[in-house]
file protein27.txt (compact mmCIF, C-alpha atoms)
# COMPACT_ATOMS: atom_id res chain seq x y z
CA MET A 178 -4.98 27.35 -11.93
CA TRP A 179 -5.47 28.28 -8.29
CA ASP A 180 -9.02 29.34 -7.42
CA TRP A 181 -9.08 31.48 -4.27
CA GLU A 182 -12.84 31.45 -3.96
CA TYR A 183 -12.92 27.67 -4.07
CA ALA A 184 -10.01 27.51 -1.62
CA PHE A 185 -11.91 29.65 0.89
CA SER A 186 -15.13 27.71 0.40
CA ILE A 187 -13.52 24.43 1.44
CA MET A 188 -11.66 25.88 4.45
CA PRO A 189 -14.44 25.22 7.01
CA GLN A 190 -14.59 21.54 6.05
CA LEU A 191 -10.82 21.20 6.24
CA LEU A 192 -10.56 23.01 9.56
CA LYS A 193 -13.19 20.71 11.00
CA ALA A 194 -11.22 17.67 9.85
CA LEU A 195 -8.06 19.26 11.25
CA GLN A 196 -9.64 19.07 14.70
CA ILE A 197 -9.82 15.28 14.34
CA THR A 198 -6.18 15.21 13.28
CA ILE A 199 -5.17 17.27 16.30
CA SER A 200 -7.22 15.28 18.79
CA ALA A 201 -5.84 12.01 17.39
CA THR A 202 -2.32 13.43 17.82
CA ILE A 203 -2.88 14.57 21.40
CA LEU A 204 -4.62 11.38 22.53
CA GLY A 205 -2.03 9.22 20.78
CA PHE A 206 0.79 11.16 22.36
CA LEU A 207 -0.66 10.85 25.86
CA LEU A 208 -0.98 7.11 25.34
CA ALA A 209 2.58 6.95 23.99
CA CYS A 210 3.94 8.86 27.01
CA ILE A 211 2.33 6.45 29.47
CA LEU A 212 3.06 3.26 27.53
CA GLY A 213 6.59 4.43 26.80
CA LEU A 214 7.33 4.86 30.49
CA LEU A 215 5.89 1.42 31.25
CA LEU A 216 8.02 -0.11 28.48
CA ALA A 217 11.09 1.66 29.83
CA PHE A 218 10.39 0.24 33.30
CA ALA A 219 9.76 -3.24 31.89
CA ARG A 220 13.02 -3.11 29.98
CA ARG A 221 14.97 -2.19 33.09
CA SER A 222 13.30 -4.95 35.07
CA ASN A 223 15.55 -7.43 36.91
CA PHE A 224 13.23 -10.19 35.77
CA LYS A 225 15.14 -11.28 32.64
CA PRO A 226 12.26 -12.73 30.58
CA LEU A 227 10.26 -9.52 30.96
CA SER A 228 13.11 -7.27 29.85
CA LEU A 229 13.94 -9.59 26.94
CA VAL A 230 10.35 -9.75 25.72
CA THR A 231 10.02 -5.98 26.03
CA GLY A 232 13.27 -5.48 24.13
CA GLY A 233 12.06 -7.75 21.34
CA PHE A 234 8.69 -6.03 21.22
CA VAL A 235 10.26 -2.57 21.01
CA GLU A 236 12.64 -3.71 18.26
CA PHE A 237 9.82 -5.31 16.27
CA VAL A 238 7.44 -2.37 16.50
CA ARG A 239 10.19 0.09 15.64
CA SER A 240 11.24 -1.79 12.53
CA THR A 241 7.84 -2.39 10.95
CA PRO A 242 5.74 0.29 9.23
CA LEU A 243 3.11 2.17 11.22
CA LEU A 244 0.69 1.64 8.33
CA ALA A 245 0.99 -2.15 8.61
CA GLN A 246 0.43 -1.91 12.36
CA LEU A 247 -2.64 0.25 11.87
CA TYR A 248 -4.11 -2.27 9.44
CA PHE A 249 -3.32 -5.00 11.93
CA ILE A 250 -5.07 -3.20 14.79
CA PHE A 251 -8.04 -2.17 12.70
CA TYR A 252 -8.68 -5.42 10.83
CA VAL A 253 -7.20 -8.21 12.96
CA LEU A 254 -8.33 -7.23 16.46
CA PRO A 255 -12.07 -7.32 15.55
CA GLN A 256 -11.55 -10.99 14.67
CA CYS A 257 -10.55 -11.55 18.29
CA GLY A 258 -13.75 -9.80 19.35
CA ILE A 259 -12.26 -6.34 19.98
CA MET A 260 -14.27 -3.84 17.94
CA LEU A 261 -12.57 -0.49 17.53
CA SER A 262 -13.73 2.73 15.91
CA PRO A 263 -11.29 4.16 13.34
CA LEU A 264 -10.33 6.92 15.77
CA SER A 265 -9.60 4.61 18.69
CA ALA A 266 -7.73 2.14 16.45
CA GLY A 267 -5.71 5.06 15.11
CA VAL A 268 -4.95 6.44 18.57
CA ILE A 269 -3.88 3.00 19.80
CA GLY A 270 -1.73 2.46 16.69
CA LEU A 271 -0.02 5.83 16.96
CA GLY A 272 0.38 5.50 20.72
CA LEU A 273 1.83 2.01 20.50
CA HIS A 274 4.22 2.86 17.67
CA TYR A 275 5.56 5.99 19.30
CA SER A 276 5.68 4.48 22.79
CA THR A 277 8.55 2.28 21.58
CA TYR A 278 10.47 5.39 20.50
CA LEU A 279 9.62 7.23 23.70
CA SER A 280 10.69 4.25 25.82
CA GLU A 281 14.20 4.69 24.43
CA VAL A 282 14.03 8.40 25.19
CA TYR A 283 12.96 7.71 28.78
CA ARG A 284 15.71 5.15 29.07
CA ALA A 285 18.30 7.70 28.01
CA GLY A 286 16.88 10.21 30.46
CA ILE A 287 16.89 7.72 33.34
CA ASP A 288 20.41 6.53 32.53
CA ALA A 289 21.61 10.12 32.61
CA VAL A 290 20.64 10.53 36.28
CA PRO A 291 23.91 10.22 38.22
CA ARG A 292 24.46 7.07 40.26
CA GLY A 293 24.96 9.16 43.36
CA GLN A 294 21.26 10.03 43.30
CA TRP A 295 20.33 6.38 43.64
CA GLU A 296 22.85 5.89 46.40
CA ALA A 297 21.60 8.98 48.22
CA SER A 298 18.03 7.63 48.07
CA THR A 299 19.20 4.32 49.48
CA ALA A 300 21.10 6.18 52.21
CA LEU A 301 17.95 8.12 53.08
CA ASN A 302 16.06 4.83 53.28
CA PHE A 303 13.59 5.85 50.55
CA SER A 304 11.29 3.15 49.24
CA ARG A 305 11.60 2.13 45.57
CA THR A 306 8.45 4.05 44.65
CA ARG A 307 9.57 7.16 46.48
CA THR A 308 13.03 6.96 44.87
CA TRP A 309 11.45 6.88 41.42
CA LEU A 310 8.76 9.46 42.00
CA SER A 311 10.61 12.07 44.00
CA VAL A 312 14.25 11.60 43.00
CA ILE A 313 14.81 9.90 39.66
CA LEU A 314 11.90 10.90 37.42
CA PRO A 315 11.90 14.62 38.36
CA GLN A 316 15.51 14.72 37.19
CA ALA A 317 15.13 12.37 34.22
CA ILE A 318 12.10 13.97 32.55
CA PRO A 319 12.93 17.70 32.07
CA PRO A 320 16.05 17.15 29.91
CA ILE A 321 14.14 14.85 27.55
CA ILE A 322 11.12 17.13 27.05
CA PRO A 323 12.49 18.66 23.80
CA VAL A 324 13.12 15.18 22.36
CA MET A 325 9.60 14.17 23.31
CA GLY A 326 8.37 17.32 21.63
CA ASN A 327 10.06 16.31 18.40
CA TYR A 328 8.29 12.96 18.54
CA PHE A 329 5.05 14.83 19.12
CA ILE A 330 5.58 16.71 15.85
CA GLY A 331 6.58 13.47 14.13
CA MET A 332 3.38 11.88 15.32
CA PHE A 333 1.34 14.84 14.12
CA LYS A 334 2.82 14.35 10.66
CA ASP A 335 1.99 10.64 10.77
CA THR A 336 -1.72 11.16 11.47
CA PRO A 337 -2.63 11.28 7.73
CA LEU A 338 -1.92 7.54 7.77
CA LEU A 339 -5.12 7.11 9.72
CA SER A 340 -6.97 7.89 6.50
CA ALA A 341 -6.01 4.36 5.43
CA ILE A 342 -8.18 2.93 8.21
CA THR A 343 -11.15 5.06 7.08
CA LEU A 344 -10.77 7.88 9.62
CA VAL A 345 -11.80 11.15 7.98
CA GLU A 346 -8.91 13.27 9.16
CA VAL A 347 -7.68 16.28 7.27
CA LEU A 348 -6.01 14.52 4.31
CA GLN A 349 -8.94 12.17 3.79
CA ALA A 350 -11.29 15.16 3.94
CA ALA A 351 -9.19 16.85 1.26
CA LYS A 352 -9.35 13.74 -0.88
CA ILE A 353 -13.12 13.50 -0.52
CA ILE A 354 -13.52 17.16 -1.44
CA GLY A 355 -11.24 16.57 -4.41
CA SER A 356 -13.21 13.59 -5.62
CA HIS A 357 -16.48 15.57 -5.44
CA THR A 358 -15.24 18.57 -7.36
CA PHE A 359 -12.39 17.05 -9.40
CA ARG A 360 -10.15 19.79 -8.07
CA TYR A 361 -7.27 18.34 -6.09
CA ILE A 362 -4.89 21.28 -6.28
CA GLU A 363 -6.45 23.47 -3.61
CA PRO A 364 -7.49 20.92 -0.95
CA ILE A 365 -4.24 18.97 -0.93
CA THR A 366 -2.08 22.09 -1.10
CA ILE A 367 -4.00 23.66 1.78
CA VAL A 368 -3.54 20.51 3.86
CA GLY A 369 0.19 20.59 3.12
CA LEU A 370 0.37 24.22 4.20
CA MET A 371 -1.58 23.47 7.38
CA PHE A 372 0.96 20.83 8.30
CA LEU A 373 3.82 23.13 7.43
CA VAL A 374 2.51 25.99 9.55
CA LEU A 375 1.51 23.88 12.55
CA SER A 376 4.69 21.83 12.69
CA TYR A 377 6.88 24.88 12.09
CA VAL A 378 5.19 26.78 14.89
CA SER A 379 5.49 23.84 17.26
CA SER A 380 9.13 23.27 16.39
CA VAL A 381 9.89 26.91 17.15
CA GLY A 382 8.02 26.45 20.43
CA ILE A 383 10.14 23.41 21.25
CA ARG A 384 13.35 25.28 20.47
CA ARG A 385 12.27 28.02 22.89
CA LEU A 386 11.42 25.43 25.52
CA GLU A 387 14.80 23.78 25.01
CA ALA A 388 16.60 27.08 25.46
CA ARG A 389 14.62 27.70 28.63
CA LEU A 390 15.33 24.25 30.06
CA ASN A 391 19.03 24.61 29.29
CA ARG A 392 19.23 27.77 31.34
CA TRP A 393 19.00 25.83 34.57
CA MET B 74 -7.40 -17.66 15.56
CA ILE B 75 -3.63 -17.49 15.49
CA PRO B 76 -2.45 -19.66 12.62
CA ILE B 77 -0.60 -22.76 13.83
CA ASN B 78 0.81 -23.58 10.41
CA PRO B 79 2.77 -20.74 8.85
CA PRO B 80 0.63 -19.52 5.92
CA PHE B 81 3.34 -20.14 3.33
CA ASP B 82 0.76 -20.50 0.56
CA LEU B 83 0.20 -16.74 0.80
CA LEU B 84 3.86 -15.94 0.20
CA PRO B 85 3.95 -16.18 -3.63
CA ALA B 86 1.25 -13.51 -3.84
CA LEU B 87 3.21 -11.18 -1.57
CA LEU B 88 6.68 -11.63 -3.05
CA PRO B 89 6.23 -9.32 -6.09
CA GLY B 90 5.35 -6.62 -3.58
CA VAL B 91 8.58 -7.28 -1.67
CA GLY B 92 10.46 -6.62 -4.91
CA ILE B 93 8.76 -3.24 -5.35
CA THR B 94 9.38 -2.32 -1.72
CA LEU B 95 13.09 -3.17 -2.05
CA GLN B 96 13.41 -1.27 -5.33
CA LEU B 97 11.79 1.77 -3.80
CA THR B 98 14.00 1.56 -0.73
CA ILE B 99 17.19 1.28 -2.78
CA PHE B 100 16.44 4.01 -5.33
CA SER B 101 15.03 6.51 -2.87
CA SER B 102 17.82 5.93 -0.35
CA LEU B 103 20.40 6.61 -3.07
CA LEU B 104 18.59 9.83 -3.96
CA ALA B 105 18.31 10.76 -0.29
CA PHE B 106 22.01 10.04 0.29
CA MET B 107 23.09 12.31 -2.56
CA LEU B 108 20.69 15.07 -1.52
CA ALA B 109 21.87 14.78 2.08
CA PHE B 110 25.40 15.75 1.13
CA ILE B 111 24.43 18.39 -1.42
CA VAL B 112 22.00 20.09 0.96
CA GLY B 113 24.12 19.47 4.06
CA PHE B 114 27.03 21.29 2.40
CA GLY B 115 24.59 23.85 1.03
CA ARG B 116 23.49 24.79 4.54
CA LEU B 117 27.11 25.30 5.56
CA SER B 118 27.88 27.27 2.41
CA LYS B 119 29.34 30.75 2.76
CA TYR B 120 26.88 32.02 0.15
CA LYS B 121 23.75 33.33 1.82
CA SER B 122 21.49 32.43 -1.13
CA ILE B 123 22.52 28.74 -1.13
CA GLN B 124 22.03 28.65 2.64
CA VAL B 125 18.54 30.10 2.37
CA VAL B 126 17.46 27.78 -0.44
CA SER B 127 18.68 24.67 1.36
CA THR B 128 17.12 25.76 4.65
CA ILE B 129 13.77 26.28 2.95
CA TYR B 130 14.02 22.85 1.34
CA VAL B 131 14.79 21.18 4.65
CA GLU B 132 12.09 23.00 6.61
CA PHE B 133 9.53 22.36 3.89
CA PHE B 134 10.08 18.62 3.62
CA ARG B 135 10.48 18.10 7.35
CA GLY B 136 7.49 20.26 8.14
CA THR B 137 4.88 18.62 5.95
CA SER B 138 3.67 15.08 6.25
CA LEU B 139 5.23 12.43 3.99
CA LEU B 140 1.83 11.15 2.95
CA VAL B 141 0.63 14.65 2.07
CA GLN B 142 3.75 15.09 -0.08
CA LEU B 143 3.08 11.80 -1.83
CA PHE B 144 -0.52 12.79 -2.50
CA TRP B 145 0.57 16.17 -3.73
CA ALA B 146 3.11 14.68 -6.13
CA TYR B 147 0.71 12.06 -7.38
CA PHE B 148 -2.61 13.92 -7.52
CA VAL B 149 -1.71 17.61 -7.84
CA LEU B 150 1.39 17.68 -10.04
CA PRO B 151 -0.47 16.20 -13.04
CA HIS B 152 -2.67 19.33 -12.97
CA PHE B 153 0.47 21.35 -13.57
CA GLY B 154 1.30 19.13 -16.51
CA LEU B 155 3.84 16.95 -14.71
CA GLU B 156 2.61 13.39 -14.99
CA LEU B 157 4.50 11.00 -12.69
CA THR B 158 4.01 7.26 -12.41
CA ALA B 159 3.36 6.03 -8.88
CA MET B 160 6.88 4.57 -8.79
CA GLN B 161 8.51 7.84 -9.88
CA ALA B 162 6.42 9.84 -7.41
CA GLY B 163 7.33 7.37 -4.66
CA VAL B 164 11.07 7.42 -5.31
CA ILE B 165 11.24 11.19 -5.72
CA VAL B 166 9.13 12.06 -2.70
CA LEU B 167 10.76 9.50 -0.40
CA GLY B 168 14.17 10.64 -1.60
CA LEU B 169 13.39 14.32 -1.11
CA ASN B 170 11.75 13.74 2.27
CA TYR B 171 14.43 11.56 3.85
CA GLY B 172 17.13 13.58 2.07
CA ALA B 173 15.98 16.56 4.12
CA TYR B 174 16.31 14.62 7.38
CA ALA B 175 19.65 13.15 6.33
CA SER B 176 21.04 16.57 5.37
CA GLU B 177 20.60 17.61 8.99
CA VAL B 178 22.69 14.59 9.98
CA VAL B 179 25.42 15.61 7.52
CA ARG B 180 25.35 19.21 8.72
CA SER B 181 25.45 18.43 12.43
CA SER B 182 28.15 15.77 11.99
CA ILE B 183 30.40 18.18 10.11
CA LEU B 184 29.82 20.85 12.75
CA ALA B 185 30.58 18.31 15.49
CA VAL B 186 34.17 17.82 14.29
CA PRO B 187 36.31 19.93 16.65
CA LYS B 188 37.48 23.26 15.27
CA SER B 189 41.05 22.39 16.19
CA GLN B 190 41.03 19.85 13.34
CA THR B 191 40.44 22.63 10.81
CA GLU B 192 43.12 24.73 12.49
CA ALA B 193 45.57 21.84 12.33
CA GLY B 194 44.78 21.49 8.63
CA ILE B 195 45.47 25.18 8.09
CA ALA B 196 48.70 24.90 10.04
CA LEU B 197 49.77 22.07 7.72
CA ASN B 198 49.08 24.38 4.78
CA MET B 199 46.24 22.25 3.40
CA THR B 200 43.71 23.81 1.05
CA SER B 201 40.15 24.08 2.32
CA THR B 202 39.10 21.26 -0.03
CA GLN B 203 41.84 19.06 1.36
CA ILE B 204 40.82 19.89 4.91
CA MET B 205 37.22 18.95 4.12
CA TYR B 206 37.98 15.67 2.32
CA ARG B 207 40.98 14.42 4.26
CA VAL B 208 40.35 15.70 7.76
CA ILE B 209 36.75 16.69 8.42
CA LEU B 210 34.68 14.26 6.34
CA PRO B 211 36.41 11.02 7.40
CA GLN B 212 35.71 11.92 11.01
CA ALA B 213 32.23 13.28 10.40
CA PHE B 214 31.29 10.19 8.40
CA LEU B 215 31.66 7.98 11.48
CA THR B 216 29.27 10.21 13.41
CA MET B 217 26.83 10.05 10.48
CA LEU B 218 26.64 6.27 10.23
CA PRO B 219 24.32 5.40 13.13
CA PRO B 220 21.75 8.12 12.33
CA PHE B 221 21.95 7.21 8.64
CA GLY B 222 21.19 3.62 9.54
CA ASN B 223 18.18 4.68 11.56
CA LEU B 224 16.96 6.86 8.72
CA LEU B 225 17.33 3.95 6.29
CA ILE B 226 15.02 1.90 8.49
CA GLU B 227 12.61 4.85 8.70
CA LEU B 228 12.72 5.06 4.91
CA LEU B 229 11.97 1.37 4.54
CA LYS B 230 8.97 1.87 6.82
CA GLY B 231 7.99 4.95 4.88
CA THR B 232 7.79 2.98 1.64
CA ALA B 233 4.61 1.34 2.97
CA LEU B 234 2.87 4.66 2.37
CA VAL B 235 3.19 4.37 -1.41
CA SER B 236 0.52 1.67 -1.24
CA LEU B 237 -1.89 4.58 -0.72
CA ILE B 238 -0.93 6.09 -4.08
CA THR B 239 -1.73 2.77 -5.77
CA LEU B 240 1.82 1.44 -6.11
CA SER B 241 1.69 -2.32 -5.60
CA ASP B 242 4.34 -2.71 -2.91
CA LEU B 243 4.30 -5.24 -0.08
CA MET B 244 1.69 -3.32 1.93
CA PHE B 245 -0.56 -2.93 -1.11
CA MET B 246 -0.31 -6.61 -1.99
CA GLY B 247 -1.14 -7.45 1.63
CA ALA B 248 -4.22 -5.23 1.65
CA GLN B 249 -5.34 -6.74 -1.69
CA LEU B 250 -4.73 -10.27 -0.50
CA ARG B 251 -6.82 -9.63 2.60
CA ILE B 252 -9.75 -8.64 0.39
CA THR B 253 -9.43 -11.65 -1.92
CA THR B 254 -8.68 -14.36 0.67
CA LEU B 255 -10.31 -12.85 3.79
CA ARG B 256 -7.50 -14.43 5.83
CA THR B 257 -6.90 -11.13 7.60
CA THR B 258 -4.86 -12.32 10.57
CA GLU B 259 -2.50 -14.45 8.53
CA VAL B 260 -1.97 -11.85 5.80
CA PHE B 261 -1.20 -8.96 8.13
CA CYS B 262 1.00 -11.06 10.44
CA LEU B 263 2.96 -12.19 7.39
CA VAL B 264 3.31 -8.61 6.09
CA LEU B 265 4.60 -7.40 9.48
CA ILE B 266 7.06 -10.29 9.69
CA ILE B 267 8.35 -9.71 6.14
CA TYR B 268 8.97 -6.04 6.91
CA PHE B 269 10.82 -7.08 10.05
CA ILE B 270 12.89 -9.61 8.08
CA ILE B 271 13.89 -6.88 5.63
CA ALA B 272 14.66 -4.37 8.37
CA TYR B 273 16.55 -6.61 10.77
CA PRO B 274 19.63 -7.23 8.58
CA LEU B 275 19.77 -3.47 8.08
CA ILE B 276 19.81 -2.94 11.84
CA LEU B 277 22.53 -5.57 12.28
CA GLY B 278 24.47 -4.19 9.29
CA VAL B 279 24.46 -0.70 10.69
CA ARG B 280 25.63 -1.95 14.09
CA GLY B 281 28.40 -3.95 12.39
CA LEU B 282 29.54 -0.97 10.34
CA GLU B 283 29.52 1.19 13.41
CA SER B 284 31.84 -1.10 15.36
CA LYS B 285 34.04 -1.68 12.30
CA PHE B 286 34.58 2.01 11.66
CA SER B 287 35.09 2.90 15.28
CA LYS B 288 37.83 0.30 15.69
CA GLY B 289 41.16 1.83 16.66
CA ARG B 290 39.56 5.20 17.40
CA ALA B 291 38.74 6.86 20.65
call {"tool": "encode", "arguments": {"input": "protein27.txt", "output": "structure tokens"}}
result
Amino acid sequence: MWDWEYAFSIMPQLLKALQITISATILGFLLACILGLLLAFARRSNFKPLSLVTGGFVEFVRSTPLLAQLYFIFYVLPQCGIMLSPLSAGVIGLGLHYSTYLSEVYRAGIDAVPRGQWEASTALNFSRTRTWLSVILPQAIPPIIPVMGNYFIGMFKDTPLLSAITLVEVLQAAKIIGSHTFRYIEPITIVGLMFLVLSYVSSVGIRRLEARLNRW
Amino acid sequence: MIPINPPFDLLPALLPGVGITLQLTIFSSLLAFMLAFIVGFGRLSKYKSIQVVSTIYVEFFRGTSLLVQLFWAYFVLPHFGLELTAMQAGVIVLGLNYGAYASEVVRSSILAVPKSQTEAGIALNMTSTQIMYRVILPQAFLTMLPPFGNLLIELLKGTALVSLITLSDLMFMGAQLRITTLRTTEVFCLVLIIYFIIAYPLILGVRGLESKFSKGRA
């Protein structure tokens, strides 16, 4: 049933495709971190229309499937003249989808900073920018790092969806190998194991990080 | 570019897909709900073997990608002689996957009930079953509701993935319709809006339940 020789022979191809998966995850996560913070700021804005629109946007993106959004970005945007490669469409889709989750995480982190910190900054005559950069964010970010880490793993596990918009990431590579050789057992099982190992290792890493952050 | 008139003529072609999406959501959420309690209790079991088996199940399904699991069930299992239709594969995999996430909710909610509640139950000479069903679970269930609601929405979104194993759900119908009509913008906007229309009552329902159950409690 399981052919070890065949399994080893396809490993190089799969590992190469895994690099695409990992780079899509990392780029998407960076985008999500930045966009998420911007969304969190926009939602806290005193300008009511901006915070309402942002709230609606976050709600909409969070309650529709990532796959539908990826199709939208990949097939609809070119009609408006924005041509995207599968990888960049995928990174934008992942980043946008997860930024709405991360914006809620940031919000929780910011809300958890005691009021006294804001008052102290006002008392010290700090500017708004300085208050955010040197008082609020340094206290808001560290506690939420483990939560962000969990979203990172979640995003990693969502990258196979990019195969739907023709990106040859690791699952698509497995499918192509399978369709050439008519053996699906090894490639798809190996991909599953790769995900299992990588996400298990990273979740252990996050647990360690969490324990370390809680020490302070 | 952006359609001024709502493309209602596309709706009849998409509606059969909505039916499949709803069916999948309902069946797999029922499966996930049952599994959540079985596995959640399993992880708290005093028998080491049950604990280990349920932990492996949870780590396995949370650690691998949902789409990989779907592919595995649909493309690999037939090689082992287990032929599943796309619908069966979809319901089983979605149920198993979200069941694993939901079991963590069950476990942590039960653990979050203060120990003094169990002690009070013992003091009142209740059996351990009575303590679980009359004291712990009613309190833990309230804690479970919001995360369960969120998972239900995640599951609904997850059903879109079955379109990739050839099940003709809403997403699949949308992708097909794009190819036949070439009205890409309208089709995908409509698909996104339909998903939102299905999800939004769920969000509101969960919020309603939450406030209803928390009435009269601290």
call {"tool": "residues_around", "arguments": {"input": "protein27.txt", "residues": "Val235 of chain B", "least_positions_apart": "3", "cutoff": "12 Å", "atoms": "only C-alpha atoms", "output": "number ranges by chain"}}
result
A: 242, 244, 338, 341; B: 90, 93-94, 97-98, 139-144, 146-147, 158-167, 228-232, 238-246
call {"tool": "residues_around", "arguments": {"input": "protein27.txt", "residues": "Gln190 of chain B", "least_positions_apart": "2", "cutoff": "12 Å", "atoms": "all atoms listed in the file", "output": "list in words"}}
result
Ile183, Leu184, Ala185, Val186, Pro187, Lys188, Glu192, Ala193, Gly194, Ile195, Ala196, Leu197, Met199, Ser201, Ile204, Met205, Arg207, Val208, Ile209, Leu210, Pro211, Gln212 and Ala213 of chain B
call {"tool": "write_last_selection", "arguments": {"input": "protein27.txt", "atoms": "C-alpha atoms", "output": "PDB file, in the coordinates of the input"}}
result
ATOM      1  CA  ILE B 183      30.400  18.180  10.110  1.00  0.00           C
ATOM      2  CA  LEU B 184      29.820  20.850  12.750  1.00  0.00           C
ATOM      3  CA  ALA B 185      30.580  18.310  15.490  1.00  0.00           C
ATOM      4  CA  VAL B 186      34.170  17.820  14.290  1.00  0.00           C
ATOM      5  CA  PRO B 187      36.310  19.930  16.650  1.00  0.00           C
ATOM      6  CA  LYS B 188      37.480  23.260  15.270  1.00  0.00           C
ATOM      7  CA  GLU B 192      43.120  24.730  12.490  1.00  0.00           C
ATOM      8  CA  ALA B 193      45.570  21.840  12.330  1.00  0.00           C
ATOM      9  CA  GLY B 194      44.780  21.490   8.630  1.00  0.00           C
ATOM     10  CA  ILE B 195      45.470  25.180   8.090  1.00  0.00           C
ATOM     11  CA  ALA B 196      48.700  24.900  10.040  1.00  0.00           C
ATOM     12  CA  LEU B 197      49.770  22.070   7.720  1.00  0.00           C
ATOM     13  CA  MET B 199      46.240  22.250   3.400  1.00  0.00           C
ATOM     14  CA  SER B 201      40.150  24.080   2.320  1.00  0.00           C
ATOM     15  CA  ILE B 204      40.820  19.890   4.910  1.00  0.00           C
ATOM     16  CA  MET B 205      37.220  18.950   4.120  1.00  0.00           C
ATOM     17  CA  ARG B 207      40.980  14.420   4.260  1.00  0.00           C
ATOM     18  CA  VAL B 208      40.350  15.700   7.760  1.00  0.00           C
ATOM     19  CA  ILE B 209      36.750  16.690   8.420  1.00  0.00           C
ATOM     20  CA  LEU B 210      34.680  14.260   6.340  1.00  0.00           C
ATOM     21  CA  PRO B 211      36.410  11.020   7.400  1.00  0.00           C
ATOM     22  CA  GLN B 212      35.710  11.920  11.010  1.00  0.00           C
ATOM     23  CA  ALA B 213      32.230  13.280  10.400  1.00  0.00           C
TER      24      ALA B 213
END
call {"tool": "interface_residues", "arguments": {"input": "protein27.txt", "of": "chain B", "to": "chain A", "cutoff": "10 Å", "atoms": "all atoms listed in the file", "output": "short mmCIF file (atom, residue, chain, number, x, y, z; two decimals) with C-alpha atoms, keeping the file's coordinate frame"}}
result
data_model
loop_
_atom_site.label_atom_id
_atom_site.label_comp_id
_atom_site.auth_asym_id
_atom_site.auth_seq_id
_atom_site.Cartn_x
_atom_site.Cartn_y
_atom_site.Cartn_z
CA MET B 74 -7.40 -17.66 15.56
CA ILE B 75 -3.63 -17.49 15.49
CA GLU B 132 12.09 23.00 6.61
CA PHE B 133 9.53 22.36 3.89
CA PHE B 134 10.08 18.62 3.62
CA ARG B 135 10.48 18.10 7.35
CA GLY B 136 7.49 20.26 8.14
CA THR B 137 4.88 18.62 5.95
CA SER B 138 3.67 15.08 6.25
CA LEU B 139 5.23 12.43 3.99
CA LEU B 140 1.83 11.15 2.95
CA VAL B 141 0.63 14.65 2.07
CA GLN B 142 3.75 15.09 -0.08
CA PHE B 144 -0.52 12.79 -2.50
CA TRP B 145 0.57 16.17 -3.73
CA ALA B 146 3.11 14.68 -6.13
CA PHE B 148 -2.61 13.92 -7.52
CA VAL B 149 -1.71 17.61 -7.84
CA LEU B 150 1.39 17.68 -10.04
CA PRO B 151 -0.47 16.20 -13.04
CA HIS B 152 -2.67 19.33 -12.97
CA PHE B 153 0.47 21.35 -13.57
CA ASN B 223 18.18 4.68 11.56
CA ILE B 226 15.02 1.90 8.49
CA GLU B 227 12.61 4.85 8.70
CA LEU B 228 12.72 5.06 4.91
CA LEU B 229 11.97 1.37 4.54
CA LYS B 230 8.97 1.87 6.82
CA GLY B 231 7.99 4.95 4.88
CA THR B 232 7.79 2.98 1.64
CA ALA B 233 4.61 1.34 2.97
CA LEU B 234 2.87 4.66 2.37
CA SER B 236 0.52 1.67 -1.24
CA LEU B 237 -1.89 4.58 -0.72
CA LEU B 243 4.30 -5.24 -0.08
CA MET B 244 1.69 -3.32 1.93
CA PHE B 245 -0.56 -2.93 -1.11
CA GLY B 247 -1.14 -7.45 1.63
CA ALA B 248 -4.22 -5.23 1.65
CA ARG B 251 -6.82 -9.63 2.60
CA ARG B 256 -7.50 -14.43 5.83
CA THR B 257 -6.90 -11.13 7.60
CA THR B 258 -4.86 -12.32 10.57
CA GLU B 259 -2.50 -14.45 8.53
CA VAL B 260 -1.97 -11.85 5.80
CA PHE B 261 -1.20 -8.96 8.13
CA CYS B 262 1.00 -11.06 10.44
CA VAL B 264 3.31 -8.61 6.09
CA LEU B 265 4.60 -7.40 9.48
CA ILE B 266 7.06 -10.29 9.69
CA ILE B 267 8.35 -9.71 6.14
CA TYR B 268 8.97 -6.04 6.91
CA PHE B 269 10.82 -7.08 10.05
CA ILE B 270 12.89 -9.61 8.08
CA ILE B 271 13.89 -6.88 5.63
CA ALA B 272 14.66 -4.37 8.37
CA TYR B 273 16.55 -6.61 10.77
CA LEU B 275 19.77 -3.47 8.08
CA ILE B 276 19.81 -2.94 11.84
#
call {"tool": "residues_around", "arguments": {"input": "protein27.txt", "residues": "segment 275-287 of chain A", "least_positions_apart": "4", "cutoff": "8 Å", "atoms": "only C-alpha atoms", "output": "CSV table (one decimal) with C-alpha atoms, in the frame of the given file"}}
result
chain,number,residue,atom,x,y,z
A,206,PHE,CA,0.8,11.2,22.4
A,208,LEU,CA,-1.0,7.1,25.3
A,209,ALA,CA,2.6,7.0,24.0
A,210,CYS,CA,3.9,8.9,27.0
A,211,ILE,CA,2.3,6.4,29.5
A,212,LEU,CA,3.1,3.3,27.5
A,213,GLY,CA,6.6,4.4,26.8
A,214,LEU,CA,7.3,4.9,30.5
A,215,LEU,CA,5.9,1.4,31.2
A,216,LEU,CA,8.0,-0.1,28.5
A,217,ALA,CA,11.1,1.7,29.8
A,235,VAL,CA,10.3,-2.6,21.0
A,236,GLU,CA,12.6,-3.7,18.3
A,238,VAL,CA,7.4,-2.4,16.5
A,239,ARG,CA,10.2,0.1,15.6
A,271,LEU,CA,0.0,5.8,17.0
A,313,ILE,CA,14.8,9.9,39.7
A,314,LEU,CA,11.9,10.9,37.4
A,317,ALA,CA,15.1,12.4,34.2
A,318,ILE,CA,12.1,14.0,32.6
A,320,PRO,CA,16.0,17.2,29.9
A,321,ILE,CA,14.1,14.8,27.6
A,324,VAL,CA,13.1,15.2,22.4
A,325,MET,CA,9.6,14.2,23.3
A,328,TYR,CA,8.3,13.0,18.5
A,332,MET,CA,3.4,11.9,15.3
